[in-house]
file data.cif (mmCIF, C-alpha atoms and all ligand atoms)
data_upload
loop_
_atom_site.label_atom_id
_atom_site.label_comp_id
_atom_site.auth_asym_id
_atom_site.auth_seq_id
_atom_site.Cartn_x
_atom_site.Cartn_y
_atom_site.Cartn_z
CA MET A 1 -5.99 -36.28 -163.42
CA PRO A 2 -8.06 -39.30 -164.49
CA PRO A 3 -6.10 -42.55 -164.65
CA LEU A 4 -3.68 -42.76 -167.57
CA VAL A 5 -4.94 -45.72 -169.59
CA PRO A 6 -1.94 -47.32 -171.30
CA ASN A 7 -2.00 -47.10 -175.10
CA THR A 8 1.31 -48.87 -175.67
CA GLY A 9 2.99 -51.78 -173.95
CA ARG A 10 1.19 -54.39 -171.82
CA SER A 11 -2.21 -53.34 -170.56
CA TYR A 12 -3.01 -52.86 -166.86
CA ASN A 13 -5.56 -51.21 -164.59
CA PRO A 14 -4.10 -47.74 -163.93
CA VAL A 15 -3.89 -46.02 -160.54
CA VAL A 16 -5.30 -42.64 -159.56
CA THR A 17 -2.80 -40.35 -157.80
CA LEU A 18 -4.57 -38.01 -155.35
CA ASN A 19 -4.03 -34.41 -156.58
CA GLY A 20 -1.42 -35.79 -158.95
CA TRP A 21 -0.86 -37.44 -162.27
CA THR A 22 0.91 -40.27 -164.09
CA LEU A 23 3.92 -39.57 -166.28
CA PRO A 24 3.36 -40.55 -169.94
CA TRP A 25 6.11 -42.59 -171.58
CA ARG A 26 7.46 -43.20 -175.04
CA MET A 27 8.14 -46.69 -176.40
CA ASN A 28 11.60 -46.91 -177.99
CA ASN A 29 12.43 -50.36 -179.44
CA GLY A 30 10.52 -52.10 -176.66
CA VAL A 31 11.94 -49.90 -173.88
CA LYS A 32 9.60 -47.62 -171.88
CA GLU A 33 11.25 -44.19 -171.73
CA PHE A 34 10.36 -41.59 -169.12
CA HIS A 35 11.84 -38.14 -168.54
CA LEU A 36 11.90 -36.62 -165.06
CA VAL A 37 13.00 -33.02 -164.55
CA ALA A 38 14.04 -32.08 -161.00
CA GLU A 39 13.15 -28.40 -160.57
CA PRO A 40 11.72 -25.71 -158.28
CA VAL A 41 7.90 -25.69 -158.33
CA VAL A 42 5.05 -23.72 -156.79
CA ARG A 43 2.54 -26.05 -155.13
CA GLU A 44 -0.86 -24.78 -154.05
CA MET A 45 -1.15 -26.86 -150.86
CA ALA A 46 -4.74 -25.78 -150.22
CA PRO A 47 -6.93 -23.16 -151.88
CA GLY A 48 -5.23 -19.80 -151.34
CA PHE A 49 -2.07 -21.22 -149.77
CA LYS A 50 1.02 -21.68 -151.93
CA ALA A 51 4.40 -23.18 -151.12
CA HIS A 52 7.70 -22.81 -152.94
CA LEU A 53 8.94 -26.39 -153.17
CA TRP A 54 11.24 -28.54 -155.25
CA GLY A 55 9.69 -31.35 -157.27
CA TYR A 56 9.64 -33.04 -160.64
CA ASN A 57 8.03 -31.94 -163.92
CA GLY A 58 6.25 -28.94 -162.43
CA GLN A 59 4.82 -30.54 -159.29
CA SER A 60 5.61 -31.88 -155.84
CA PRO A 61 5.39 -34.83 -155.52
CA GLY A 62 6.57 -35.70 -159.00
CA PRO A 63 4.35 -37.67 -161.38
CA THR A 64 3.55 -41.30 -160.65
CA ILE A 65 5.42 -43.81 -162.79
CA GLU A 66 3.43 -46.88 -163.81
CA VAL A 67 5.02 -49.86 -165.49
CA VAL A 68 4.36 -53.58 -165.83
CA GLU A 69 6.40 -56.40 -164.30
CA GLY A 70 9.09 -57.35 -166.80
CA ASP A 71 9.14 -53.96 -168.58
CA ARG A 72 12.56 -52.60 -169.50
CA VAL A 73 12.50 -49.00 -168.26
CA ARG A 74 14.78 -46.10 -169.23
CA ILE A 75 14.47 -42.90 -167.22
CA PHE A 76 16.18 -39.66 -168.18
CA VAL A 77 16.70 -37.34 -165.20
CA THR A 78 17.47 -33.68 -165.88
CA ASN A 79 18.61 -31.54 -162.98
CA LYS A 80 17.28 -27.97 -162.99
CA LEU A 81 17.89 -27.44 -159.29
CA PRO A 82 20.55 -25.06 -157.94
CA GLU A 83 22.44 -28.05 -156.47
CA HIS A 84 23.29 -31.63 -157.43
CA THR A 85 20.81 -34.48 -157.05
CA SER A 86 20.18 -38.17 -157.85
CA ILE A 87 17.18 -40.50 -157.81
CA HIS A 88 16.90 -43.64 -155.74
CA TRP A 89 14.25 -46.14 -156.89
CA HIS A 90 12.99 -47.22 -153.47
CA GLY A 91 12.12 -50.92 -153.26
CA GLN A 92 13.25 -51.97 -156.74
CA ARG A 93 15.41 -54.93 -157.65
CA LEU A 94 18.00 -53.46 -160.02
CA PRO A 95 21.71 -53.41 -160.82
CA SER A 96 23.58 -51.74 -157.95
CA GLY A 97 24.82 -48.97 -160.24
CA MET A 98 21.21 -47.95 -160.98
CA ASP A 99 20.26 -47.56 -157.29
CA GLY A 100 20.81 -43.81 -157.31
CA VAL A 101 22.93 -43.26 -154.22
CA ALA A 102 25.15 -40.26 -155.03
CA GLY A 103 28.79 -40.95 -154.21
CA LEU A 104 28.19 -44.66 -153.59
CA THR A 105 26.75 -45.98 -156.85
CA GLN A 106 27.05 -42.99 -159.21
CA PRO A 107 28.37 -39.45 -159.35
CA ALA A 108 25.78 -36.85 -158.34
CA ILE A 109 23.86 -35.24 -161.21
CA GLN A 110 25.19 -31.67 -161.39
CA PRO A 111 22.85 -28.74 -162.17
CA GLY A 112 22.09 -28.59 -165.88
CA LYS A 113 23.08 -32.23 -166.51
CA THR A 114 20.92 -35.18 -167.58
CA PHE A 115 21.58 -38.74 -166.41
CA VAL A 116 19.94 -41.93 -167.62
CA TYR A 117 18.85 -44.90 -165.51
CA GLU A 118 17.88 -48.22 -167.05
CA PHE A 119 16.62 -51.45 -165.50
CA VAL A 120 13.94 -54.11 -165.75
CA ALA A 121 10.99 -53.70 -163.35
CA ARG A 122 11.36 -57.17 -161.88
CA ARG A 123 8.87 -57.23 -159.02
CA PRO A 124 5.22 -56.12 -159.15
CA GLY A 125 4.29 -53.80 -156.30
CA THR A 126 4.10 -50.41 -154.65
CA PHE A 127 7.27 -48.31 -154.70
CA MET A 128 8.48 -44.71 -154.65
CA TYR A 129 11.39 -42.60 -155.84
CA HIS A 130 13.30 -39.81 -154.13
CA PRO A 131 16.75 -38.16 -154.18
CA HIS A 132 19.71 -39.83 -152.47
CA ALA A 133 21.84 -36.65 -152.46
CA ASP A 134 21.43 -33.91 -149.83
CA GLU A 135 18.37 -35.92 -148.83
CA MET A 136 17.44 -33.88 -145.80
CA THR A 137 17.09 -30.72 -147.88
CA GLN A 138 15.63 -32.27 -150.97
CA MET A 139 12.93 -34.33 -149.26
CA ALA A 140 12.05 -31.44 -146.90
CA MET A 141 11.54 -29.42 -150.09
CA GLY A 142 9.12 -31.97 -151.54
CA MET A 143 11.17 -34.14 -153.91
CA MET A 144 9.53 -37.55 -154.16
CA GLY A 145 7.20 -39.54 -156.33
CA PHE A 146 5.16 -42.74 -156.50
CA TRP A 147 5.98 -45.83 -158.56
CA VAL A 148 3.63 -48.71 -159.29
CA THR A 149 4.71 -51.91 -161.05
CA HIS A 150 1.59 -53.79 -162.15
CA PRO A 151 1.68 -57.60 -162.39
CA LYS A 152 2.08 -58.92 -165.94
CA ALA A 153 -0.43 -61.74 -165.43
CA LYS A 154 -2.89 -62.96 -162.84
CA HIS A 155 -0.92 -63.07 -159.58
CA PRO A 156 -1.97 -65.30 -156.66
CA LEU A 157 -1.40 -62.48 -154.12
CA ILE A 158 -2.55 -59.48 -156.18
CA ASP A 159 -6.30 -59.16 -156.66
CA ASP A 160 -8.00 -57.23 -159.41
CA VAL A 161 -9.63 -54.07 -158.06
CA ASN A 162 -12.11 -51.56 -159.43
CA ARG A 163 -10.28 -48.51 -158.05
CA ASP A 164 -6.64 -48.14 -157.20
CA PHE A 165 -5.54 -44.91 -155.45
CA CYS A 166 -2.07 -43.81 -154.33
CA PHE A 167 -0.43 -40.99 -152.43
CA LEU A 168 2.68 -40.11 -150.41
CA LEU A 169 2.67 -38.79 -146.86
CA ASN A 170 4.88 -35.71 -146.57
CA ALA A 171 5.36 -32.85 -144.11
CA TYR A 172 6.62 -29.28 -144.23
CA ASP A 173 7.57 -26.54 -141.81
CA ILE A 174 6.52 -23.26 -143.38
CA ASP A 175 6.30 -20.23 -141.10
CA PRO A 176 2.98 -18.38 -141.31
CA GLY A 177 3.28 -15.74 -144.00
CA SER A 178 6.25 -17.34 -145.75
CA TYR A 179 6.51 -19.70 -148.74
CA THR A 180 9.62 -21.85 -148.36
CA PRO A 181 9.91 -24.83 -145.99
CA LYS A 182 12.45 -24.67 -143.16
CA ILE A 183 14.69 -27.56 -144.08
CA MET A 184 16.42 -27.92 -140.69
CA THR A 185 13.21 -28.98 -138.93
CA MET A 186 13.49 -32.55 -137.75
CA LEU A 187 10.16 -33.31 -136.06
CA ASP A 188 8.14 -30.19 -135.34
CA PHE A 189 6.54 -29.72 -138.76
CA ASN A 190 3.46 -27.54 -139.04
CA LEU A 191 1.97 -28.87 -142.29
CA TRP A 192 1.09 -32.55 -142.57
CA SER A 193 0.24 -33.34 -146.14
CA TRP A 194 -0.75 -35.99 -148.63
CA ASN A 195 0.99 -35.42 -151.93
CA SER A 196 1.93 -31.92 -150.72
CA ARG A 197 -1.74 -31.00 -150.23
CA ILE A 198 -3.52 -30.36 -146.93
CA PHE A 199 -7.19 -30.69 -146.03
CA PRO A 200 -9.49 -29.28 -147.37
CA GLY A 201 -7.27 -29.32 -150.47
CA ILE A 202 -7.03 -33.13 -150.74
CA ASP A 203 -9.05 -35.03 -153.38
CA SER A 204 -11.83 -37.21 -152.01
CA LEU A 205 -11.71 -40.89 -152.96
CA ASN A 206 -14.89 -41.39 -154.97
CA VAL A 207 -16.01 -44.98 -155.52
CA ARG A 208 -19.07 -46.98 -156.53
CA LEU A 209 -20.93 -49.08 -153.96
CA ASN A 210 -19.42 -52.60 -153.84
CA ASP A 211 -16.24 -51.58 -155.63
CA LYS A 212 -13.13 -53.40 -154.55
CA VAL A 213 -10.73 -50.59 -153.62
CA ARG A 214 -6.97 -50.52 -153.19
CA ILE A 215 -5.14 -47.57 -151.62
CA ARG A 216 -1.34 -47.40 -151.74
CA ILE A 217 0.42 -45.14 -149.22
CA GLY A 218 4.11 -44.29 -148.81
CA ASN A 219 5.63 -42.35 -145.92
CA LEU A 220 8.47 -39.90 -146.58
CA THR A 221 7.95 -37.82 -143.42
CA MET A 222 10.07 -38.04 -140.26
CA THR A 223 7.41 -39.76 -138.13
CA ASN A 224 4.88 -42.58 -138.36
CA HIS A 225 1.27 -42.10 -139.44
CA PRO A 226 -1.52 -44.43 -138.28
CA ILE A 227 -3.87 -44.18 -141.27
CA HIS A 228 -7.49 -44.76 -140.30
CA LEU A 229 -10.56 -45.51 -142.43
CA HIS A 230 -14.11 -45.10 -141.16
CA GLY A 231 -17.00 -47.45 -141.94
CA HIS A 232 -15.02 -50.36 -143.43
CA GLU A 233 -12.31 -52.76 -142.41
CA PHE A 234 -9.36 -53.43 -144.68
CA LEU A 235 -6.48 -55.84 -145.24
CA VAL A 236 -2.86 -54.80 -145.72
CA THR A 237 -2.16 -56.66 -148.96
CA GLY A 238 1.29 -55.34 -149.70
CA THR A 239 4.30 -53.30 -148.63
CA ASP A 240 7.26 -51.90 -150.54
CA GLY A 241 8.63 -55.44 -150.17
CA GLY A 242 5.83 -56.76 -152.39
CA PRO A 243 2.48 -58.48 -151.81
CA THR A 244 2.04 -59.84 -148.29
CA PRO A 245 1.50 -63.59 -147.83
CA LYS A 246 -2.21 -64.29 -147.18
CA SER A 247 -1.38 -65.87 -143.78
CA THR A 248 -0.14 -62.46 -142.53
CA ARG A 249 -3.31 -60.53 -143.38
CA TRP A 250 -5.90 -59.57 -140.80
CA TYR A 251 -8.66 -57.01 -140.77
CA GLU A 252 -7.95 -53.59 -139.32
CA VAL A 253 -9.35 -50.09 -139.53
CA THR A 254 -6.02 -48.35 -138.80
CA THR A 255 -2.61 -49.24 -140.13
CA ASP A 256 0.59 -47.58 -139.07
CA VAL A 257 2.87 -46.47 -141.87
CA ALA A 258 6.33 -45.98 -140.40
CA VAL A 259 9.03 -43.73 -141.80
CA GLY A 260 10.26 -44.94 -145.18
CA GLN A 261 7.54 -47.62 -145.39
CA MET A 262 4.74 -48.24 -147.82
CA ARG A 263 1.42 -49.97 -147.21
CA GLN A 264 -1.19 -51.10 -149.66
CA ILE A 265 -4.67 -51.62 -148.21
CA GLU A 266 -7.73 -53.25 -149.78
CA PHE A 267 -11.40 -53.39 -148.90
CA LEU A 268 -14.87 -53.83 -150.31
CA ALA A 269 -16.64 -50.46 -150.31
CA ASP A 270 -20.01 -51.88 -149.31
CA GLU A 271 -21.30 -49.10 -147.04
CA GLU A 272 -22.76 -46.04 -148.73
CA GLY A 273 -21.86 -42.68 -147.29
CA ASP A 274 -19.16 -40.09 -146.66
CA TRP A 275 -16.43 -41.78 -144.63
CA ALA A 276 -13.53 -39.93 -143.04
CA PHE A 277 -10.08 -41.23 -144.01
CA HIS A 278 -7.21 -39.67 -142.07
CA CYS A 279 -4.08 -39.93 -139.97
CA HIS A 280 -5.08 -40.81 -136.41
CA LYS A 281 -2.48 -38.52 -134.80
CA SER A 282 -4.78 -35.64 -134.03
CA HIS A 283 -2.00 -33.06 -134.43
CA HIS A 284 -1.60 -34.28 -137.99
CA THR A 285 -5.14 -33.23 -138.87
CA MET A 286 -4.38 -29.59 -138.07
CA ASN A 287 -2.61 -26.96 -140.15
CA ALA A 288 0.00 -24.33 -139.22
CA MET A 289 -0.14 -24.27 -135.45
CA GLY A 290 2.23 -23.10 -132.74
CA HIS A 291 2.81 -25.93 -130.27
CA ASN A 292 4.05 -23.90 -127.30
CA VAL A 293 0.56 -22.83 -126.28
CA PRO A 294 -0.65 -23.52 -122.73
CA THR A 295 -3.97 -25.33 -122.33
CA LEU A 296 -6.55 -22.74 -121.39
CA ILE A 297 -9.57 -24.99 -120.95
CA GLY A 298 -11.31 -23.89 -117.76
CA VAL A 299 -9.36 -20.64 -117.38
CA ASP A 300 -11.48 -17.53 -117.02
CA HIS A 301 -9.45 -14.73 -118.53
CA ARG A 302 -12.12 -12.18 -119.39
CA GLY A 303 -10.42 -9.56 -117.22
CA ILE A 304 -6.93 -10.05 -118.61
CA ALA A 305 -8.20 -10.13 -122.21
CA LYS A 306 -9.74 -6.70 -121.71
CA LYS A 307 -6.46 -5.31 -120.40
CA ILE A 308 -4.43 -6.81 -123.26
CA ASN A 309 -6.94 -5.49 -125.77
CA SER A 310 -6.20 -1.94 -124.71
CA LEU A 311 -2.57 -2.57 -125.70
CA ILE A 312 -3.05 -4.95 -128.66
CA PRO A 313 -6.46 -4.42 -130.29
CA ASP A 314 -6.25 -7.62 -132.38
CA TYR A 315 -5.47 -9.89 -129.40
CA MET A 316 -7.90 -12.78 -129.07
CA VAL A 317 -8.35 -15.21 -126.26
CA MET A 318 -8.01 -18.76 -127.58
CA GLY A 319 -9.11 -22.10 -126.35
CA GLU A 320 -10.89 -21.49 -123.05
CA ARG A 321 -13.67 -23.83 -124.21
CA GLY A 322 -11.42 -26.07 -126.31
CA MET A 323 -10.03 -25.29 -129.75
CA ALA A 324 -13.20 -25.62 -131.84
CA ASP A 325 -13.79 -21.87 -131.70
CA MET A 326 -10.63 -21.45 -133.75
CA THR A 327 -12.51 -22.39 -136.92
CA GLU A 328 -14.95 -19.52 -136.52
CA MET A 329 -12.67 -16.82 -135.24
CA GLU A 330 -11.39 -14.25 -137.64
CA MET A 331 -8.01 -13.63 -136.13
CA PRO A 332 -5.80 -11.62 -138.45
CA ILE A 333 -3.19 -14.00 -139.89
CA PRO A 334 -0.32 -13.24 -142.25
CA ASP A 335 -0.96 -13.60 -145.99
CA ASN A 336 -0.34 -17.09 -147.37
CA THR A 337 -1.08 -18.92 -144.12
CA ALA A 338 -3.23 -22.04 -144.14
CA PRO A 339 -6.12 -21.78 -141.67
CA MET A 340 -5.48 -24.09 -138.71
CA MET A 341 -8.73 -26.05 -138.82
CA THR A 342 -11.29 -25.72 -141.57
CA GLY A 343 -13.46 -27.54 -144.12
CA GLU A 344 -17.15 -26.74 -144.47
CA GLY A 345 -19.25 -29.93 -144.48
CA PRO A 346 -23.02 -30.25 -144.92
CA PHE A 347 -23.50 -29.95 -141.14
CA GLY A 348 -20.92 -27.26 -140.35
CA SER A 349 -17.17 -27.02 -139.99
CA VAL A 350 -15.26 -30.31 -139.99
CA GLU A 351 -12.51 -28.65 -137.89
CA MET A 352 -9.72 -30.47 -139.62
CA GLY A 353 -6.55 -29.75 -141.53
CA GLY A 354 -3.55 -31.71 -142.73
CA MET A 355 -3.85 -35.42 -143.38
CA PHE A 356 -7.60 -35.82 -143.85
CA SER A 357 -9.83 -36.78 -146.74
CA VAL A 358 -13.17 -38.47 -147.40
CA LEU A 359 -14.03 -41.82 -148.98
CA LYS A 360 -17.31 -41.28 -150.86
CA VAL A 361 -19.20 -44.49 -151.54
CA ARG A 362 -22.19 -44.05 -153.87
CA ARG A 363 -24.66 -46.44 -155.44
CA ASP A 364 -24.91 -44.35 -158.61
CA GLN A 365 -21.20 -43.54 -159.15
CA LYS A 366 -20.47 -44.87 -162.66
CA SER A 367 -17.57 -47.28 -162.97
CA GLY A 368 -14.52 -45.35 -164.13
CA ASP A 369 -16.03 -42.05 -162.95
CA TYR A 370 -13.77 -40.37 -160.37
CA SER A 371 -15.69 -37.08 -160.16
CA ASN A 372 -16.87 -35.82 -156.78
CA PRO A 373 -20.51 -36.81 -156.27
CA GLY A 374 -21.15 -34.10 -153.63
CA TRP A 375 -22.42 -34.77 -150.11
CA PHE A 376 -24.10 -38.02 -149.18
CA LYS A 377 -27.90 -37.90 -149.02
CA HIS A 378 -28.55 -39.78 -145.80
CA PRO A 379 -31.66 -41.98 -145.76
CA GLU A 380 -34.45 -40.60 -143.56
CA GLY A 381 -33.82 -41.27 -139.85
CA THR A 382 -30.13 -42.28 -140.17
CA VAL A 383 -28.44 -39.08 -138.94
CA ALA A 384 -27.58 -38.36 -135.30
CA HIS A 385 -29.71 -35.46 -134.12
CA GLU A 386 -30.70 -33.47 -131.06
CA TYR A 387 -32.96 -35.24 -128.58
CA THR A 388 -35.28 -33.23 -126.36
CA GLY A 389 -37.40 -35.99 -124.76
CA PRO A 390 -37.21 -37.28 -121.17
CA LEU A 391 -34.00 -38.95 -119.93
CA ALA A 392 -33.34 -41.14 -116.90
CA GLU A 393 -30.45 -40.14 -114.63
CA PRO A 394 -27.27 -41.38 -116.40
CA ALA A 395 -24.83 -43.66 -114.54
CA ARG A 396 -21.73 -41.86 -113.23
CA PHE A 397 -18.36 -43.02 -111.96
CA LYS A 398 -18.35 -43.58 -108.19
CA SER A 399 -14.90 -44.81 -107.16
CA GLU A 400 -11.30 -44.54 -108.30
CA GLY A 401 -10.92 -48.30 -107.85
CA GLY A 402 -8.02 -50.07 -106.17
CA GLN A 403 -4.25 -49.97 -106.45
CA SER A 404 -1.73 -52.72 -106.90
CA MET A 405 0.53 -51.68 -103.98
CA PRO A 406 -0.89 -50.44 -100.67
CA ARG A 407 0.32 -47.04 -99.46
CA SER A 408 1.92 -46.47 -96.05
CA GLN A 409 -0.57 -45.91 -93.22
CA LYS A 410 0.31 -42.22 -92.77
CA PRO A 411 -2.72 -40.07 -93.55
CA LEU A 412 -2.26 -37.98 -96.71
CA THR A 413 -3.37 -34.43 -97.37
CA PRO A 414 -5.46 -34.53 -100.52
CA THR A 415 -4.14 -32.38 -103.35
CA GLU A 416 -5.92 -31.15 -106.43
CA VAL A 417 -3.67 -30.92 -109.47
CA LYS A 418 -4.04 -28.01 -111.86
CA VAL A 419 -2.51 -29.07 -115.15
CA ARG A 420 -0.78 -26.54 -117.34
CA LYS A 421 1.04 -27.68 -120.45
CA PRO A 422 4.69 -26.58 -120.25
CA SER A 423 5.53 -23.80 -122.66
CA GLY A 424 8.64 -22.19 -124.07
CA GLY A 425 10.62 -25.41 -124.31
CA HIS A 426 12.05 -27.07 -127.37
CA ASP A 427 10.63 -30.48 -126.66
CA ASN A 428 9.63 -32.25 -129.82
CA HIS A 429 6.91 -34.73 -129.11
CU CU B 501 0.19 -38.53 -139.01
#

call {"tool": "encode", "arguments": {"input": "data.cif", "output": "structure tokens"}}
result
Amino acid sequence: MPPLVPNTGRSYNPVVTLNGWTLPWRMNNGVKEFHLVAEPVVREMAPGFKAHLWGYNGQSPGPTIEVVEGDRVRIFVTNKLPEHTSIHWHGQRLPSGMDGVAGLTQPAIQPGKTFVYEFVARRPGTFMYHPHADEMTQMAMGMMGFWVTHPKAKHPLIDDVNRDFCFLLNAYDIDPGSYTPKIMTMLDFNLWSWNSRIFPGIDSLNVRLNDKVRIRIGNLTMTNHPIHLHGHEFLVTGTDGGPTPKSTRWYEVTTDVAVGQMRQIEFLADEEGDWAFHCHKSHHTMNAMGHNVPTLIGVDHRGIAKKINSLIPDYMVMGERGMADMTEMEMPIPDNTAPMMTGEGPFGSVEMGGMFSVLKVRRDQKSGDYSNPGWFKHPEGTVAHEYTGPLAEPARFKSEGGQSMPRSQKPLTPTEVKVRKPSGGHDNH
């Protein structure tokens, strides 16, 4: 959805929620009123792949809430789930009784009931909301949303930007062929998503050359995500604790977003092109994948494959040259399963899944236009290409180098190690 430009209340520069939207409000005697409905939803996580999740107002994550520092906010929360819930306003300064911790600061909201929360948005910044009742289930099912409090006036630590994007990191464990996440999974998720979408189903971030860009990211998964941007360096200008002091900012191209944290990054988009933007954990840029698979690189199993084929005609040998073949192979997979690695780029398959998108910087992108400009037209001579000319002999490694502690003088029999990844275990790594 294009940014929701405020038509009542104080004005601000709205954010764009990747594959999401901002919740409209109603002004009631100077109070901004929102209505969130917690309910089961169907989320298309990528084209052709649907998940049965829980969310708010028809989607997981729920809609982004945008307010201005100093606004009095009233939020009605209706529970249409089969069990009780509550909403915690992560990062906000508010009266303790509005903090949304079921049992501790309020009774849980029973199915069919509506509660009301009311507080003043005291601090400008990047926040989120999520249940604080049966959290493990409800967050594993996709219940969460983004919250942005814009500054009411020029703020010494909050710069004006041309584009302001936001999204939540979330993860699901959905067995191939099924629709509902396994809520008991603690670490071994098979779908790593941004706003409950997986590559290639994630919006690209489309900006104009020389735009100042802010991206706000919150992590409600069970592990950390080092978020990496190509082609530009950025500053972390804020966390869920508010804007960072200038003395703490330094340029990076990857920032780790730990569990329950939020990071707000800013940069000048001054390099034209299509720039990858992704989690740097390579397993998080893959979709539904079994992890107990031995490494087969270098194994010649032509003979065994033939034998297995006579028993199981659909059996395919995987990974003897690496995993890239996976994108081309047409292995039969159950209905409603996300392909493991996919995404057709202008030069072939991108071989990605999960937490991956593209920052598109274009000279001719109009300000305020968030539409996808298509693939970058590279200037003549600026694309890596095959070389067929003469080459001198390349330098090669010649010695293992030294060691810090000398070995005993006994001669050793040299051993060659054949590495095989352990399989069948329940190690979560
Ligand atoms: Cu990650």

call {"tool": "closest_atom_pairs", "arguments": {"input": "data.cif", "of": "range 238-296 of chain A", "to": "range 361-378 of chain A", "cutoff": "9 Å", "atoms": "only C-alpha atoms", "output": "tab-separated table"}}
result
residue	atom	partner	partner_atom	distance
A:Ala269	CA	A:Val361	CA	6.6
A:Asp270	CA	A:Val361	CA	7.8
A:Glu271	CA	A:Val361	CA	6.8
A:Glu272	CA	A:Val361	CA	4.8
A:Gly273	CA	A:Val361	CA	5.3
A:Asp274	CA	A:Phe376	CA	5.9
A:Trp275	CA	A:Val361	CA	7.9

call {"tool": "residues_near_ligand", "arguments": {"input": "data.cif", "ligand": "ligand CU 501 (chain B)", "cutoff": "8 Å", "atoms": "all atoms listed in the file", "output": "list in words"}}
result
Trp192, Thr223, Asn224, His225, Pro226, Ile227, Cys279, His280, Lys281, Ser282, His283, His284, Thr285 and Met355 of chain A

call {"tool": "write_last_selection", "arguments": {"input": "data.cif", "atoms": "C-alpha atoms", "output": "mmCIF file, in the frame of the given file"}}
result
data_model
loop_
_atom_site.group_PDB
_atom_site.id
_atom_site.type_symbol
_atom_site.label_atom_id
_atom_site.label_comp_id
_atom_site.auth_asym_id
_atom_site.auth_seq_id
_atom_site.Cartn_x
_atom_site.Cartn_y
_atom_site.Cartn_z
ATOM 1 C CA TRP A 192 1.090 -32.550 -142.570
ATOM 2 C CA THR A 223 7.410 -39.760 -138.130
ATOM 3 C CA ASN A 224 4.880 -42.580 -138.360
ATOM 4 C CA HIS A 225 1.270 -42.100 -139.440
ATOM 5 C CA PRO A 226 -1.520 -44.430 -138.280
ATOM 6 C CA ILE A 227 -3.870 -44.180 -141.270
ATOM 7 C CA CYS A 279 -4.080 -39.930 -139.970
ATOM 8 C CA HIS A 280 -5.080 -40.810 -136.410
ATOM 9 C CA LYS A 281 -2.480 -38.520 -134.800
ATOM 10 C CA SER A 282 -4.780 -35.640 -134.030
ATOM 11 C CA HIS A 283 -2.000 -33.060 -134.430
ATOM 12 C CA HIS A 284 -1.600 -34.280 -137.990
ATOM 13 C CA THR A 285 -5.140 -33.230 -138.870
ATOM 14 C CA MET A 355 -3.850 -35.420 -143.380
#

call {"tool": "closest_residue", "arguments": {"input": "data.cif", "among": "A:Tyr387, A:Phe119, A:Phe397, A:Tyr12", "to": "Gln92 in chain A", "atoms": "all atoms listed in the file"}}
result
A:Phe119

call {"tool": "closest_residue", "arguments": {"input": "data.cif", "among": "A:Val120, A:Ala288, A:Ile109, A:Leu18", "to": "Ala133 in chain A", "atoms": "only C-alpha atoms"}}
result
A:Ile109

call {"tool": "closest_residue", "arguments": {"input": "data.cif", "among": "A:Thr413, A:Thr8, A:Thr388, A:Ser204", "to": "Phe277 in chain A", "atoms": "all atoms listed in the file"}}
result
A:Ser204

call {"tool": "closest_residue", "arguments": {"input": "data.cif", "among": "A:Ser196, A:Gln110, A:Asn13, A:Asn7", "to": "Ser60 in chain A", "atoms": "only C-alpha atoms"}}
result
A:Ser196

call {"tool": "axis_aligned_box", "arguments": {"input": "data.cif", "around": "range 268-281 of chain A", "padding_each_side": "5 Å", "output": "JSON"}}
result
{"center_x": -12.6, "center_y": -46.2, "center_z": -142.6, "size_x": 30.3, "size_y": 25.3, "size_z": 25.5}

call {"tool": "closest_residue", "arguments": {"input": "data.cif", "among": "A:Ile75, A:Ile265, A:Leu209, A:Val257", "to": "Phe234 in chain A", "atoms": "all atoms listed in the file"}}
result
A:Ile265

call {"tool": "closest_atom_pairs", "arguments": {"input": "data.cif", "of": "range 108-155 of chain A", "to": "range 176-186 of chain A", "cutoff": "12 Å", "atoms": "only C-alpha atoms", "output": "Markdown table"}}
result
| residue | atom | partner | partner_atom | distance |
| --- | --- | --- | --- | --- |
| A:Asp134 | CA | A:Ile183 | CA | 10.9 |
| A:Glu135 | CA | A:Ile183 | CA | 10.3 |
| A:Met136 | CA | A:Ile183 | CA | 7.1 |
| A:Thr137 | CA | A:Ile183 | CA | 5.5 |
| A:Gln138 | CA | A:Ile183 | CA | 8.4 |
| A:Met139 | CA | A:Ile183 | CA | 8.7 |
| A:Ala140 | CA | A:Ile183 | CA | 5.5 |
| A:Met141 | CA | A:Pro181 | CA | 6.4 |
| A:Gly142 | CA | A:Pro181 | CA | 9.1 |

call {"tool": "closest_residue", "arguments": {"input": "data.cif", "among": "A:Ser86, A:Pro124, A:Cys166, A:Leu81", "to": "Trp21 in chain A", "atoms": "only C-alpha atoms"}}
result
A:Cys166

call {"tool": "residues_around", "arguments": {"input": "data.cif", "residues": "Pro6 in chain A", "least_positions_apart": "5", "cutoff": "12 Å", "atoms": "only C-alpha atoms", "output": "VMD selection string"}}
result
chain A and resid 11 to 15 22 to 27 32 65 to 68 150

call {"tool": "atom_distance", "arguments": {"input": "data.cif", "atom1": "CA of Met222 in chain A", "atom2": "CA of Leu205 in chain A"}}
result
25.4 Å

call {"tool": "residues_around", "arguments": {"input": "data.cif", "residues": "Thr78 in chain A", "least_positions_apart": "3", "cutoff": "7 Å", "atoms": "all atoms listed in the file", "output": "PyMOL selection string"}}
result
chain A and resi 36-38+112-115

call {"tool": "atom_distance", "arguments": {"input": "data.cif", "atom1": "CA of His232 in chain A", "atom2": "CA of Thr244 in chain A"}}
result
20.1 Å
